[in-house]
Amino acid sequence: MPGDLPPDASGIAAREAADEPGRHTLFWLQSGGCGGCSMSLLNADSPDLFAALDLGRIDVLAHPSLCEASGEDHHALIAEILAGRQPLDILCVEGAILRGPSGTGRFHLQPGTGKPVMRLVEELAPIARHVVAIGSCTAFGGVSAAGDNVTEACGLAFDGAEPGGLLGPAFRSRSGLPPISIAGCPTHPGWIVETLVQLGHGTLGASDLDAFGRPRFYADHLVHHGCTRNEFYEYKASAKEPGQLGCLMEHMGCIGTQVHGDCNMRAWNGEGSCIRGGYPCIGCTEPRFGERDAPFLETPKRGGIPVGLPTDMPKAWFVALASLAKAATPERLRRNALSERIAVPPGKASGKPK
Amino acid sequence: MTRLVAGPFNRVEGDLEIRLDVEDGRIAAAYVNSPLYRGFEQILVGKAPADALVYVPRICGICSVSQSIAAAAALANAQGLRPPENGAHLQNIVLAAENIADHLTHFYLFFMPDFARGIYAGEPWAKAAARFQAMGGDAQREFLPARAAFLRIMGLLAGHWPHTLGLQPGGTTRAIGRAEQTRLLGYIAGLRRFLEATFYGDGLEAVAALDSADALDAWEADASGGDLRAFLAFSRGAGLERLGPGPGLYLSFGAYPLDSRPAFARGVWDGGATGPLREEDIAEDHARAWMVRAAEGPRPPSRGLTLPDADAADAYSWCKAPRLAGRVAETGAFARQLVDGQPLVMSLSTRSGSNARNRVIARTVEVARLVLLLERWTAAVRPDDPFCVTMPMPDDARGAGMIEAARGSLGHWLDIRKGRIFNYQIIAPTTWNFSPRDGSGQPGACEAALVGAPVRPGEATPIAVQHIVRSFDPCMVCTVH
């Protein structure tokens with residue numbers, strides 16, 4: 001709604017509307033990351049990437065894996081955007097903002113200009129109608145900020161779970177939205193294209209984002225939802241070694257009952273997810289992903305009880321239900337949980353489930 | 001002399017800047033700068049050894065599985081552990097799938113679009129090249145769905161790609177049964193169909209059987225169709241065989257181990273003959289990198305040092321300069337196939353050496369060979385046998401994981417003390433190829449390959465430079481891990 005937009009001194013919005021009504025420009029900037037979210041984006045399959053861009057009426061001005069321009073053409077495009085002559089609707093930033101060493105940004109300089117990339121992001125963000133943080137590094141700092149964070153990595157609007165980051169907690173893009181955090185490491189291609197298409201269609205508003213700016217269409221779910229190991233979870237029949245079929249929460253470090261994401265409701269690469277691949281959820285969509293108090297493949301416990309309990313579950317109930325469930329575990333699940341393949345099939349079917 | 005600063009290079013993974021000195025319409029000197037530092041070797045210090053498998057894939061989005069495999073190999077080496085046969089097969093399948101996807105992504109998204117540029121509008125092949133236009137030419141619109149369908153292998157065996165925790169020192173965490181084995185064969189068959197119909201315009205076996213440069217010329221002339229033949233025609237028109245000569249020393253750590261022997265051999269190719277690779281010959285030179293320098297000079301990676309120093313004297317890159325007994329080596333598919341004695345690549349090497357054209361051809365040869373291997377490895381999986389074994393990690397141990405990623409030799413060197421990572425050093429393929437000068441002034445492989453490349457009047461980022469740079473398929477995010 002143009003009436004809701006903040007004052008537009010440069011007049012970009014007016015020109016934009018006059019330019020090509022209904023179409024949206026996208027500029028994708030790689031900051032300090034691994035490029036994996038771009039690679040994940042290319043995995044989009046329903047619809048595939050080009051079909052999704054068509055659907056959202058999105059014109060890609062620049063993407064590092066896709067566009068023809070290099071060097072001077074790329075710099076000229078950025079100059080046009082900064083001068084307000086080229087409208088910019090969607091700015092996607094991929095990768096953490098590297099502020100080091102000592103706040104200079106010298107750990108990541110833009111090729112060809114020697115300008116700190118963090119400065120470029122600061123210049124482009126207020127011009128874009130929407131700002132999108134692609135992946136957990138861009139949203140929060142992510143793995144790039146792990147350890148002693150020697151590169152002084154942070155996200156666009158968060159530094160870990162703390163509001164702030166490069167742009168500060170009060171930043172709103174021209175649309176009035178905070179940076180949209182498509183968190184994940186990598187992020188799911190469906191999360192990206194569905195966000196972009198919704199932006200293209202004008203159907204994504206502030207109430208569609210959670211407190212960390214994550215689109216609620218995937219962040220209102222827990223990774224636990226749709227987990228294929230649910231029966232093992234119900235009976236606390238747990239795996240003890242990599243590759244075993246049992247629930248990964250009790251011993252193998254899985255925090256899928258606490259982590260936001262619809263990873264087990266929508267497939268990754270056609271049919272996968274971390275847990276379907278046999279390894280635990282390590283919480284890659286969460287603001288503090290990258291550091292853990294215990295090794296990732298171990299479940300920290302106090303008095304034999306996992307420190308991390310399922311979201312919204314009181315500890316006493318968890319303990320009571322878990323001990324009851326363990327007592328009731330069918331032998332089939334007890335054995336299958338410790339096996340690489342189904343050792344005991346489900347009991348003889350009556351032919352007529354009641 | 002004029003000086004150009006070229007960059008950024010889109011359709012290259014990560015950030016790259018190259019300073020070019022131009023004299024009489026030719027590049028006289030090139031200085032390759034990786035202008036990003038990421039600090040993974042520092043992040044890993046103090047972590048539990050197994051946590052390396054969480055961090056290292058995230059060095060790189062396009063080679064994440066390769067980083068996983070190298071870390072798993074280093075951990076397994078420290079433990080004295082060997083995956084069971086099924087685990088080894090699935091590790092090889094996942095790595096080969098990444099390698100194939102990377103080669104094809106390079107071809108369709110990164111390399112071919114340069115032929116559709118306006119600068120070639122007057123060439124007789126310009127119309128054919130339009131198929132490869134960046135941002136959604138027909139070829140890209142056909143390739144992306146085929147790539148996504150093929151990468152279902154990753155959903156099946158690794159949970160997802162990029163970034164997996166499924167590749168463990170003792171094998172893989174997803175045991176498969178007959179149904180999954182059948183689906184796997186189906187995904188491979190889907191790729192074969194795309195390759196034969198669209199990429200090669202011929203059967204995989206026929207392509208894999210090409211055994212000389214002459215045979216390739218005859219194959220090209222024999223029929224029309226297929227994107228590879230289009231490449232061969234364009235590259236002749238653009239003179240790619242004369243661009244970007246390699247250093248003459250080629251390196252492969254050996255790829256896809258089975259029964260203690262790699263499917264692609266380990267070794268070096270030096271001046272026309274293969275020889276053994278001596279790990280102790282590898283050292284990293286920091287003379288022109290923004291890195292703290294050890295007093296005694298270049299160190300082997302097992303005792304390597306990675307501490308950034310943005311004010312280091314004479315430095316111009318975050319990339320170190322790995323050298324083999326003090327010499328510059330090239331790594332990648334061309335080197336790998338040459339060291340393995342693949343007949344077509346050996347013949348191309350004799351005819352014109354490593355160059356912008358032959359590097360691409362070596363990738364296409366490798367794709368054909370790998371798909372045939374994928375079919376064989378998949379059929380060899382025995383669902384009733386184990387896929388993953390475990391073993392405790394000693395409190396103090398050292399390990400090395402030396403493998404081949406799509407872009408060449410990748411090494412991880414690990415030192416564990418008191419149960420924690422004490423030192424972790426990584427040399428990535430592009431660290432070899434895109435290294436800066438070393439203490440004796442030798443330019444890196446790409447820096448040397450650019451010398452002599454033509455610069456047309458008015459060019460700021462010369463097209464020849466772009467062809468040469470992309471022919472290496474650099475991965476800059478790995479380079480500066």
# chains A, B, ... in the order shown; residues from 1 in each chain; ligands from 1
$ residues_around --residues "Gly277 of chain A" --least-positions-apart "6" --cutoff "8 Å" --atoms "only C-alpha atoms" --output "PDB file with N, CA, C and O atoms, in the first residue's frame"
ATOM      1  N   GLY B 155      18.980 -35.977  -1.035  1.00  0.00           N
ATOM      2  CA  GLY B 155      17.862 -36.121  -0.116  1.00  0.00           C
ATOM      3  C   GLY B 155      17.789 -37.535   0.415  1.00  0.00           C
ATOM      4  O   GLY B 155      17.567 -37.774   1.606  1.00  0.00           O
ATOM      5  N   LEU B 156      18.015 -38.475  -0.463  1.00  0.00           N
ATOM      6  CA  LEU B 156      17.932 -39.891  -0.084  1.00  0.00           C
ATOM      7  C   LEU B 156      19.082 -40.316   0.819  1.00  0.00           C
ATOM      8  O   LEU B 156      18.861 -40.939   1.863  1.00  0.00           O
ATOM      9  N   LEU B 157      20.299 -39.992   0.450  1.00  0.00           N
ATOM     10  CA  LEU B 157      21.458 -40.557   1.159  1.00  0.00           C
ATOM     11  C   LEU B 157      22.069 -39.616   2.195  1.00  0.00           C
ATOM     12  O   LEU B 157      22.773 -40.076   3.101  1.00  0.00           O
ATOM     13  N   ALA B 158      21.848 -38.316   2.058  1.00  0.00           N
ATOM     14  CA  ALA B 158      22.563 -37.374   2.927  1.00  0.00           C
ATOM     15  C   ALA B 158      21.626 -36.415   3.657  1.00  0.00           C
ATOM     16  O   ALA B 158      22.095 -35.509   4.325  1.00  0.00           O
ATOM     17  N   GLY B 159      20.321 -36.611   3.540  1.00  0.00           N
ATOM     18  CA  GLY B 159      19.368 -35.716   4.197  1.00  0.00           C
ATOM     19  C   GLY B 159      19.063 -34.497   3.340  1.00  0.00           C
ATOM     20  O   GLY B 159      17.928 -34.208   3.041  1.00  0.00           O
ATOM     21  N   HIS B 160      20.108 -33.784   2.958  1.00  0.00           N
ATOM     22  CA  HIS B 160      19.973 -32.694   1.999  1.00  0.00           C
ATOM     23  C   HIS B 160      21.348 -32.261   1.530  1.00  0.00           C
ATOM     24  O   HIS B 160      22.373 -32.689   2.064  1.00  0.00           O
ATOM     25  N   GLY B 166      25.580 -36.570   7.605  1.00  0.00           N
ATOM     26  CA  GLY B 166      25.407 -38.002   7.367  1.00  0.00           C
ATOM     27  C   GLY B 166      26.678 -38.742   6.991  1.00  0.00           C
ATOM     28  O   GLY B 166      26.709 -39.969   6.987  1.00  0.00           O
ATOM     29  N   THR B 173      25.101 -42.435   7.784  1.00  0.00           N
ATOM     30  CA  THR B 173      24.047 -42.630   8.776  1.00  0.00           C
ATOM     31  C   THR B 173      22.731 -43.087   8.168  1.00  0.00           C
ATOM     32  O   THR B 173      21.771 -43.295   8.885  1.00  0.00           O
ATOM     33  N   ARG B 174      22.666 -43.192   6.852  1.00  0.00           N
ATOM     34  CA  ARG B 174      21.410 -43.634   6.245  1.00  0.00           C
ATOM     35  C   ARG B 174      21.641 -44.974   5.558  1.00  0.00           C
ATOM     36  O   ARG B 174      22.172 -45.035   4.442  1.00  0.00           O
TER      37      ARG B 174
END
$ interface_residues --of "chain A" --to "chain B" --cutoff "6 Å" --atoms "only C-alpha atoms" --output "list in words"
Cys34, Gly35, Gly36, Asn43, Pro64, Ser65, Leu66, Cys67, Glu68, Ser70, Gly71, Phe107, His108, Leu109, Pro111, Gly112, Gly147, Pro242, Gly243, Trp268, Asn269, Gly270, Glu271, Gly272, Ser273, Cys274, Arg276, Gly277 and Gly278 of chain A
$ residues_around --residues "Ala329 of chain B" --least-positions-apart "5" --cutoff "7 Å" --atoms "only C-alpha atoms" --output "list in words"
Pro247, Leu249, Tyr250, Leu251, Arg323, Leu324, Trp432 and Ala445 of chain B
$ write_last_selection --atoms "all heavy atoms" --output "PDB file, in the first residue's frame"
ATOM      1  N   PRO B 247      50.749 -24.957 -15.319  1.00  0.00           N
ATOM      2  CA  PRO B 247      52.154 -24.868 -14.899  1.00  0.00           C
ATOM      3  C   PRO B 247      53.011 -26.086 -15.277  1.00  0.00           C
ATOM      4  O   PRO B 247      54.223 -26.044 -15.069  1.00  0.00           O
ATOM      5  CB  PRO B 247      52.036 -24.748 -13.376  1.00  0.00           C
ATOM      6  CG  PRO B 247      50.759 -25.440 -13.029  1.00  0.00           C
ATOM      7  CD  PRO B 247      49.839 -25.232 -14.189  1.00  0.00           C
ATOM      8  N   LEU B 249      52.985 -28.961 -13.778  1.00  0.00           N
ATOM      9  CA  LEU B 249      52.990 -29.887 -12.639  1.00  0.00           C
ATOM     10  C   LEU B 249      51.543 -30.022 -12.158  1.00  0.00           C
ATOM     11  O   LEU B 249      50.901 -29.014 -11.833  1.00  0.00           O
ATOM     12  CB  LEU B 249      53.880 -29.346 -11.517  1.00  0.00           C
ATOM     13  CG  LEU B 249      53.914 -30.147 -10.213  1.00  0.00           C
ATOM     14  CD1 LEU B 249      54.470 -31.554 -10.449  1.00  0.00           C
ATOM     15  CD2 LEU B 249      54.748 -29.415  -9.155  1.00  0.00           C
ATOM     16  N   TYR B 250      51.041 -31.254 -12.138  1.00  0.00           N
ATOM     17  CA  TYR B 250      49.629 -31.501 -11.845  1.00  0.00           C
ATOM     18  C   TYR B 250      49.512 -32.473 -10.681  1.00  0.00           C
ATOM     19  O   TYR B 250      50.304 -33.407 -10.560  1.00  0.00           O
ATOM     20  CB  TYR B 250      48.901 -32.014 -13.104  1.00  0.00           C
ATOM     21  CG  TYR B 250      49.027 -31.009 -14.223  1.00  0.00           C
ATOM     22  CD1 TYR B 250      50.064 -31.089 -15.153  1.00  0.00           C
ATOM     23  CD2 TYR B 250      48.163 -29.922 -14.284  1.00  0.00           C
ATOM     24  CE1 TYR B 250      50.222 -30.128 -16.136  1.00  0.00           C
ATOM     25  CE2 TYR B 250      48.319 -28.944 -15.260  1.00  0.00           C
ATOM     26  CZ  TYR B 250      49.348 -29.052 -16.188  1.00  0.00           C
ATOM     27  OH  TYR B 250      49.515 -28.087 -17.143  1.00  0.00           O
ATOM     28  N   LEU B 251      48.478 -32.229  -9.883  1.00  0.00           N
ATOM     29  CA  LEU B 251      48.382 -32.864  -8.578  1.00  0.00           C
ATOM     30  C   LEU B 251      47.024 -33.509  -8.372  1.00  0.00           C
ATOM     31  O   LEU B 251      46.000 -32.898  -8.666  1.00  0.00           O
ATOM     32  CB  LEU B 251      48.596 -31.752  -7.534  1.00  0.00           C
ATOM     33  CG  LEU B 251      48.317 -32.015  -6.076  1.00  0.00           C
ATOM     34  CD1 LEU B 251      49.348 -32.994  -5.537  1.00  0.00           C
ATOM     35  CD2 LEU B 251      48.383 -30.690  -5.301  1.00  0.00           C
ATOM     36  N   ARG B 323      52.611 -24.988  -1.909  1.00  0.00           N
ATOM     37  CA  ARG B 323      53.577 -25.386  -2.935  1.00  0.00           C
ATOM     38  C   ARG B 323      53.967 -26.837  -2.706  1.00  0.00           C
ATOM     39  O   ARG B 323      53.921 -27.337  -1.570  1.00  0.00           O
ATOM     40  CB  ARG B 323      54.831 -24.494  -2.870  1.00  0.00           C
ATOM     41  CG  ARG B 323      54.576 -23.002  -3.189  1.00  0.00           C
ATOM     42  CD  ARG B 323      54.223 -22.783  -4.658  1.00  0.00           C
ATOM     43  NE  ARG B 323      54.098 -21.380  -5.009  1.00  0.00           N
ATOM     44  CZ  ARG B 323      52.919 -20.747  -5.191  1.00  0.00           C
ATOM     45  NH1 ARG B 323      51.774 -21.398  -5.017  1.00  0.00           N
ATOM     46  NH2 ARG B 323      52.896 -19.479  -5.553  1.00  0.00           N
ATOM     47  N   LEU B 324      54.357 -27.497  -3.799  1.00  0.00           N
ATOM     48  CA  LEU B 324      54.787 -28.884  -3.745  1.00  0.00           C
ATOM     49  C   LEU B 324      56.303 -28.896  -3.975  1.00  0.00           C
ATOM     50  O   LEU B 324      56.753 -28.596  -5.086  1.00  0.00           O
ATOM     51  CB  LEU B 324      54.051 -29.692  -4.828  1.00  0.00           C
ATOM     52  CG  LEU B 324      54.101 -31.200  -4.719  1.00  0.00           C
ATOM     53  CD1 LEU B 324      53.395 -31.689  -3.457  1.00  0.00           C
ATOM     54  CD2 LEU B 324      53.468 -31.841  -5.952  1.00  0.00           C
ATOM     55  N   TRP B 432      45.358 -23.871  -4.069  1.00  0.00           N
ATOM     56  CA  TRP B 432      46.468 -24.192  -4.977  1.00  0.00           C
ATOM     57  C   TRP B 432      46.402 -23.324  -6.241  1.00  0.00           C
ATOM     58  O   TRP B 432      47.369 -22.671  -6.616  1.00  0.00           O
ATOM     59  CB  TRP B 432      46.410 -25.660  -5.416  1.00  0.00           C
ATOM     60  CG  TRP B 432      46.764 -26.659  -4.362  1.00  0.00           C
ATOM     61  CD1 TRP B 432      45.885 -27.320  -3.542  1.00  0.00           C
ATOM     62  CD2 TRP B 432      48.072 -27.131  -4.005  1.00  0.00           C
ATOM     63  NE1 TRP B 432      46.568 -28.165  -2.706  1.00  0.00           N
ATOM     64  CE2 TRP B 432      47.910 -28.082  -2.972  1.00  0.00           C
ATOM     65  CE3 TRP B 432      49.363 -26.850  -4.462  1.00  0.00           C
ATOM     66  CZ2 TRP B 432      48.986 -28.745  -2.386  1.00  0.00           C
ATOM     67  CZ3 TRP B 432      50.443 -27.519  -3.879  1.00  0.00           C
ATOM     68  CH2 TRP B 432      50.250 -28.446  -2.853  1.00  0.00           C
ATOM     69  N   ALA B 445      49.147 -20.590  -9.978  1.00  0.00           N
ATOM     70  CA  ALA B 445      48.804 -21.210 -11.267  1.00  0.00           C
ATOM     71  C   ALA B 445      47.934 -20.295 -12.121  1.00  0.00           C
ATOM     72  O   ALA B 445      48.190 -20.126 -13.326  1.00  0.00           O
ATOM     73  CB  ALA B 445      48.111 -22.549 -11.025  1.00  0.00           C
TER      74      ALA B 445
END
$ residues_around --residues "Glu291 of chain A" --least-positions-apart "4" --cutoff "9 Å" --atoms "only C-alpha atoms" --output "PyMOL selection string"
chain A and resi 142-143+145-147+296
$ write_last_selection --atoms "N, CA, C and O atoms" --output "PDB file, in the first residue's frame"
ATOM      1  N   GLY A 142      25.255 -16.736  12.613  1.00  0.00           N
ATOM      2  CA  GLY A 142      25.355 -18.164  12.297  1.00  0.00           C
ATOM      3  C   GLY A 142      26.716 -18.765  12.575  1.00  0.00           C
ATOM      4  O   GLY A 142      27.435 -18.341  13.490  1.00  0.00           O
ATOM      5  N   VAL A 143      27.055 -19.761  11.768  1.00  0.00           N
ATOM      6  CA  VAL A 143      28.340 -20.448  11.918  1.00  0.00           C
ATOM      7  C   VAL A 143      29.506 -19.476  11.739  1.00  0.00           C
ATOM      8  O   VAL A 143      30.563 -19.631  12.338  1.00  0.00           O
ATOM      9  N   ALA A 145      29.871 -16.732  12.977  1.00  0.00           N
ATOM     10  CA  ALA A 145      30.170 -16.055  14.245  1.00  0.00           C
ATOM     11  C   ALA A 145      30.579 -17.043  15.329  1.00  0.00           C
ATOM     12  O   ALA A 145      30.693 -16.669  16.495  1.00  0.00           O
ATOM     13  N   ALA A 146      30.817 -18.303  14.971  1.00  0.00           N
ATOM     14  CA  ALA A 146      31.125 -19.317  15.974  1.00  0.00           C
ATOM     15  C   ALA A 146      32.509 -19.102  16.573  1.00  0.00           C
ATOM     16  O   ALA A 146      33.281 -18.260  16.108  1.00  0.00           O
ATOM     17  N   GLY A 147      32.785 -19.888  17.612  1.00  0.00           N
ATOM     18  CA  GLY A 147      34.074 -19.788  18.286  1.00  0.00           C
ATOM     19  C   GLY A 147      34.231 -18.405  18.904  1.00  0.00           C
ATOM     20  O   GLY A 147      33.306 -17.871  19.514  1.00  0.00           O
ATOM     21  N   PHE A 296      27.746 -31.532  19.350  1.00  0.00           N
ATOM     22  CA  PHE A 296      26.474 -31.554  18.632  1.00  0.00           C
ATOM     23  C   PHE A 296      25.806 -32.929  18.618  1.00  0.00           C
ATOM     24  O   PHE A 296      24.595 -33.029  18.562  1.00  0.00           O
TER      25      PHE A 296
END
$ residues_around --residues "His221 of chain A" --least-positions-apart "2" --cutoff "6 Å" --atoms "only C-alpha atoms" --output "list in words"
Tyr218, Ala219, His260, Gly261 and Asp262 of chain A
$ write_last_selection --atoms "N, CA, C and O atoms" --output "PDB file, in the first residue's frame"
ATOM      1  N   TYR A 218       6.922 -21.201   7.779  1.00  0.00           N
ATOM      2  CA  TYR A 218       7.732 -22.373   8.155  1.00  0.00           C
ATOM      3  C   TYR A 218       8.193 -22.325   9.605  1.00  0.00           C
ATOM      4  O   TYR A 218       8.436 -23.361  10.210  1.00  0.00           O
ATOM      5  N   ALA A 219       8.282 -21.103  10.193  1.00  0.00           N
ATOM      6  CA  ALA A 219       8.846 -20.998  11.543  1.00  0.00           C
ATOM      7  C   ALA A 219       7.808 -21.249  12.645  1.00  0.00           C
ATOM      8  O   ALA A 219       8.173 -21.385  13.804  1.00  0.00           O
ATOM      9  N   HIS A 260      12.520 -24.374  15.392  1.00  0.00           N
ATOM     10  CA  HIS A 260      11.481 -23.906  14.476  1.00  0.00           C
ATOM     11  C   HIS A 260      11.829 -24.260  13.037  1.00  0.00           C
ATOM     12  O   HIS A 260      12.921 -23.955  12.568  1.00  0.00           O
ATOM     13  N   GLY A 261      10.880 -24.892  12.359  1.00  0.00           N
ATOM     14  CA  GLY A 261      11.105 -25.242  10.959  1.00  0.00           C
ATOM     15  C   GLY A 261      10.163 -26.354  10.544  1.00  0.00           C
ATOM     16  O   GLY A 261       9.789 -27.190  11.369  1.00  0.00           O
ATOM     17  N   ASP A 262       9.778 -26.362   9.266  1.00  0.00           N
ATOM     18  CA  ASP A 262       8.882 -27.420   8.787  1.00  0.00           C
ATOM     19  C   ASP A 262       9.655 -28.488   7.999  1.00  0.00           C
ATOM     20  O   ASP A 262       9.143 -29.078   7.059  1.00  0.00           O
TER      21      ASP A 262
END
$ select_by_dssp --residues "segment 111-351 of chain B" --states "strand (DSSP E)" --output "tab-separated table (two decimals) with C-alpha atoms, in the first residue's frame"
chain	number	residue	atom	x	y	z
B	167	LEU	CA	28.98	-38.61	6.26
B	168	GLN	CA	30.69	-40.01	9.34
B	171	GLY	CA	30.44	-44.72	7.04
B	172	THR	CA	27.04	-43.11	6.48
B	249	LEU	CA	52.99	-29.89	-12.64
B	250	TYR	CA	49.63	-31.50	-11.85
B	251	LEU	CA	48.38	-32.86	-8.58
B	252	SER	CA	45.75	-35.37	-7.45
B	255	ALA	CA	39.54	-40.08	-5.33
B	256	TYR	CA	36.86	-42.58	-4.35
B	257	PRO	CA	38.68	-45.16	-2.24
B	258	LEU	CA	37.51	-48.76	-2.41
B	261	ARG	CA	42.75	-48.28	-3.78
B	262	PRO	CA	41.20	-45.08	-5.20
B	263	ALA	CA	39.08	-45.26	-8.37
B	264	PHE	CA	41.06	-42.23	-9.66
B	267	GLY	CA	49.98	-38.90	-7.69
B	268	VAL	CA	51.57	-36.09	-9.66
B	269	TRP	CA	52.11	-35.51	-13.37
B	270	ASP	CA	55.37	-33.74	-13.92
B	273	ALA	CA	55.23	-38.60	-16.60
B	274	THR	CA	53.36	-39.68	-13.49
B	275	GLY	CA	55.07	-39.98	-10.17
B	282	ILE	CA	53.45	-29.89	0.74
B	283	ALA	CA	53.97	-26.57	2.53
B	284	GLU	CA	52.07	-23.30	2.69
B	285	ASP	CA	53.91	-20.07	1.96
B	321	ALA	CA	50.38	-20.17	-1.35
B	322	PRO	CA	50.61	-23.97	-1.08
B	323	ARG	CA	53.58	-25.39	-2.93
B	324	LEU	CA	54.79	-28.88	-3.74
B	330	GLU	CA	47.58	-27.13	-10.76
B	331	THR	CA	44.77	-29.28	-9.46
$ select_by_dssp --residues "segment 86-238 of chain B" --states "helix (DSSP H, G or I)" --output "number ranges by chain"
B: 86-116, 118-120, 126-132, 138-150, 152-158, 178-199, 204-208, 213-222, 227-237
$ closest_residue --among "B:Ser354, B:Ala97, B:Glu142, B:Ala405" --to "Asp48 of chain A" --atoms "only C-alpha atoms"
B:Glu142
$ atom_distance --atom1 "atom CA of Leu26 of chain A" --atom2 "atom CA of Ile90 of chain A"
4.6 Å
$ closest_residue --among "B:Val469, B:Leu240, B:Ala128, B:Ala213" --to "Arg351 of chain B" --atoms "only C-alpha atoms"
B:Ala213
$ atom_distance --atom1 "atom CA of Lys236 of chain A" --atom2 "atom CA of Ala320 of chain A"
11.9 Å
$ closest_residue --among "A:Pro314, A:Val344, A:Arg288, A:Glu250" --to "Lys326 of chain A" --atoms "only C-alpha atoms"
A:Glu250
$ atom_distance --atom1 "atom CA of Phe253 of chain B" --atom2 "atom CA of Leu338 of chain B"
12.3 Å
$ residues_around --residues "Ala400 of chain B" --least-positions-apart "4" --cutoff "6 Å" --atoms "only C-alpha atoms" --output "list in words"
Ala74, His412 and Trp413 of chain B
$ closest_residue --among "B:Arg398, B:Arg183, B:Arg303, B:Arg293" --to "Ala76 of chain B" --atoms "only C-alpha atoms"
B:Arg398
$ residues_around --residues "Leu297 of chain A" --least-positions-apart "6" --cutoff "8 Å" --atoms "only C-alpha atoms" --output "list in words"
His251, Met252, Gly253, Cys254 and Pro280 of chain A; Ala50 and Asp51 of chain B
$ write_last_selection --atoms "all heavy atoms" --output "PDB file, in the first residue's frame"
ATOM      1  N   HIS A 251      19.900 -39.490  23.184  1.00  0.00           N
ATOM      2  CA  HIS A 251      21.368 -39.672  23.261  1.00  0.00           C
ATOM      3  C   HIS A 251      22.141 -38.947  22.164  1.00  0.00           C
ATOM      4  O   HIS A 251      23.318 -38.677  22.323  1.00  0.00           O
ATOM      5  CB  HIS A 251      21.713 -41.170  23.163  1.00  0.00           C
ATOM      6  CG  HIS A 251      21.015 -42.017  24.175  1.00  0.00           C
ATOM      7  ND1 HIS A 251      21.158 -41.823  25.531  1.00  0.00           N
ATOM      8  CD2 HIS A 251      20.161 -43.054  24.029  1.00  0.00           C
ATOM      9  CE1 HIS A 251      20.421 -42.716  26.190  1.00  0.00           C
ATOM     10  NE2 HIS A 251      19.806 -43.467  25.299  1.00  0.00           N
ATOM     11  N   MET A 252      21.513 -38.673  21.026  1.00  0.00           N
ATOM     12  CA  MET A 252      22.277 -38.260  19.843  1.00  0.00           C
ATOM     13  C   MET A 252      22.220 -36.756  19.564  1.00  0.00           C
ATOM     14  O   MET A 252      22.626 -36.307  18.503  1.00  0.00           O
ATOM     15  CB  MET A 252      21.775 -39.020  18.601  1.00  0.00           C
ATOM     16  CG  MET A 252      21.867 -40.542  18.715  1.00  0.00           C
ATOM     17  SD  MET A 252      23.566 -41.146  18.877  1.00  0.00           S
ATOM     18  CE  MET A 252      24.214 -40.714  17.277  1.00  0.00           C
ATOM     19  N   GLY A 253      21.722 -35.995  20.537  1.00  0.00           N
ATOM     20  CA  GLY A 253      21.803 -34.539  20.401  1.00  0.00           C
ATOM     21  C   GLY A 253      20.668 -33.876  19.638  1.00  0.00           C
ATOM     22  O   GLY A 253      20.730 -32.667  19.392  1.00  0.00           O
ATOM     23  N   CYS A 254      19.636 -34.625  19.254  1.00  0.00           N
ATOM     24  CA  CYS A 254      18.577 -34.029  18.425  1.00  0.00           C
ATOM     25  C   CYS A 254      17.753 -33.023  19.235  1.00  0.00           C
ATOM     26  O   CYS A 254      17.265 -33.330  20.318  1.00  0.00           O
ATOM     27  CB  CYS A 254      17.649 -35.105  17.865  1.00  0.00           C
ATOM     28  SG  CYS A 254      16.435 -34.439  16.714  1.00  0.00           S
ATOM     29  N   PRO A 280      20.853 -35.987  13.747  1.00  0.00           N
ATOM     30  CA  PRO A 280      19.920 -35.175  14.511  1.00  0.00           C
ATOM     31  C   PRO A 280      19.714 -33.791  13.934  1.00  0.00           C
ATOM     32  O   PRO A 280      20.543 -33.269  13.199  1.00  0.00           O
ATOM     33  CB  PRO A 280      20.621 -35.068  15.876  1.00  0.00           C
ATOM     34  CG  PRO A 280      22.068 -35.192  15.554  1.00  0.00           C
ATOM     35  CD  PRO A 280      22.133 -36.199  14.440  1.00  0.00           C
TER      36      PRO A 280
ATOM     37  N   ALA B  50      34.536 -34.496  16.806  1.00  0.00           N
ATOM     38  CA  ALA B  50      33.424 -34.864  15.916  1.00  0.00           C
ATOM     39  C   ALA B  50      32.644 -33.638  15.446  1.00  0.00           C
ATOM     40  O   ALA B  50      31.972 -33.687  14.413  1.00  0.00           O
ATOM     41  CB  ALA B  50      32.486 -35.838  16.622  1.00  0.00           C
ATOM     42  N   ASP B  51      32.736 -32.524  16.184  1.00  0.00           N
ATOM     43  CA  ASP B  51      32.019 -31.319  15.770  1.00  0.00           C
ATOM     44  C   ASP B  51      32.589 -30.716  14.492  1.00  0.00           C
ATOM     45  O   ASP B  51      31.942 -29.873  13.862  1.00  0.00           O
ATOM     46  CB  ASP B  51      32.017 -30.265  16.891  1.00  0.00           C
ATOM     47  CG  ASP B  51      30.965 -30.562  17.949  1.00  0.00           C
ATOM     48  OD1 ASP B  51      30.203 -31.537  17.777  1.00  0.00           O
ATOM     49  OD2 ASP B  51      30.903 -29.829  18.946  1.00  0.00           O
TER      50      ASP B  51
END
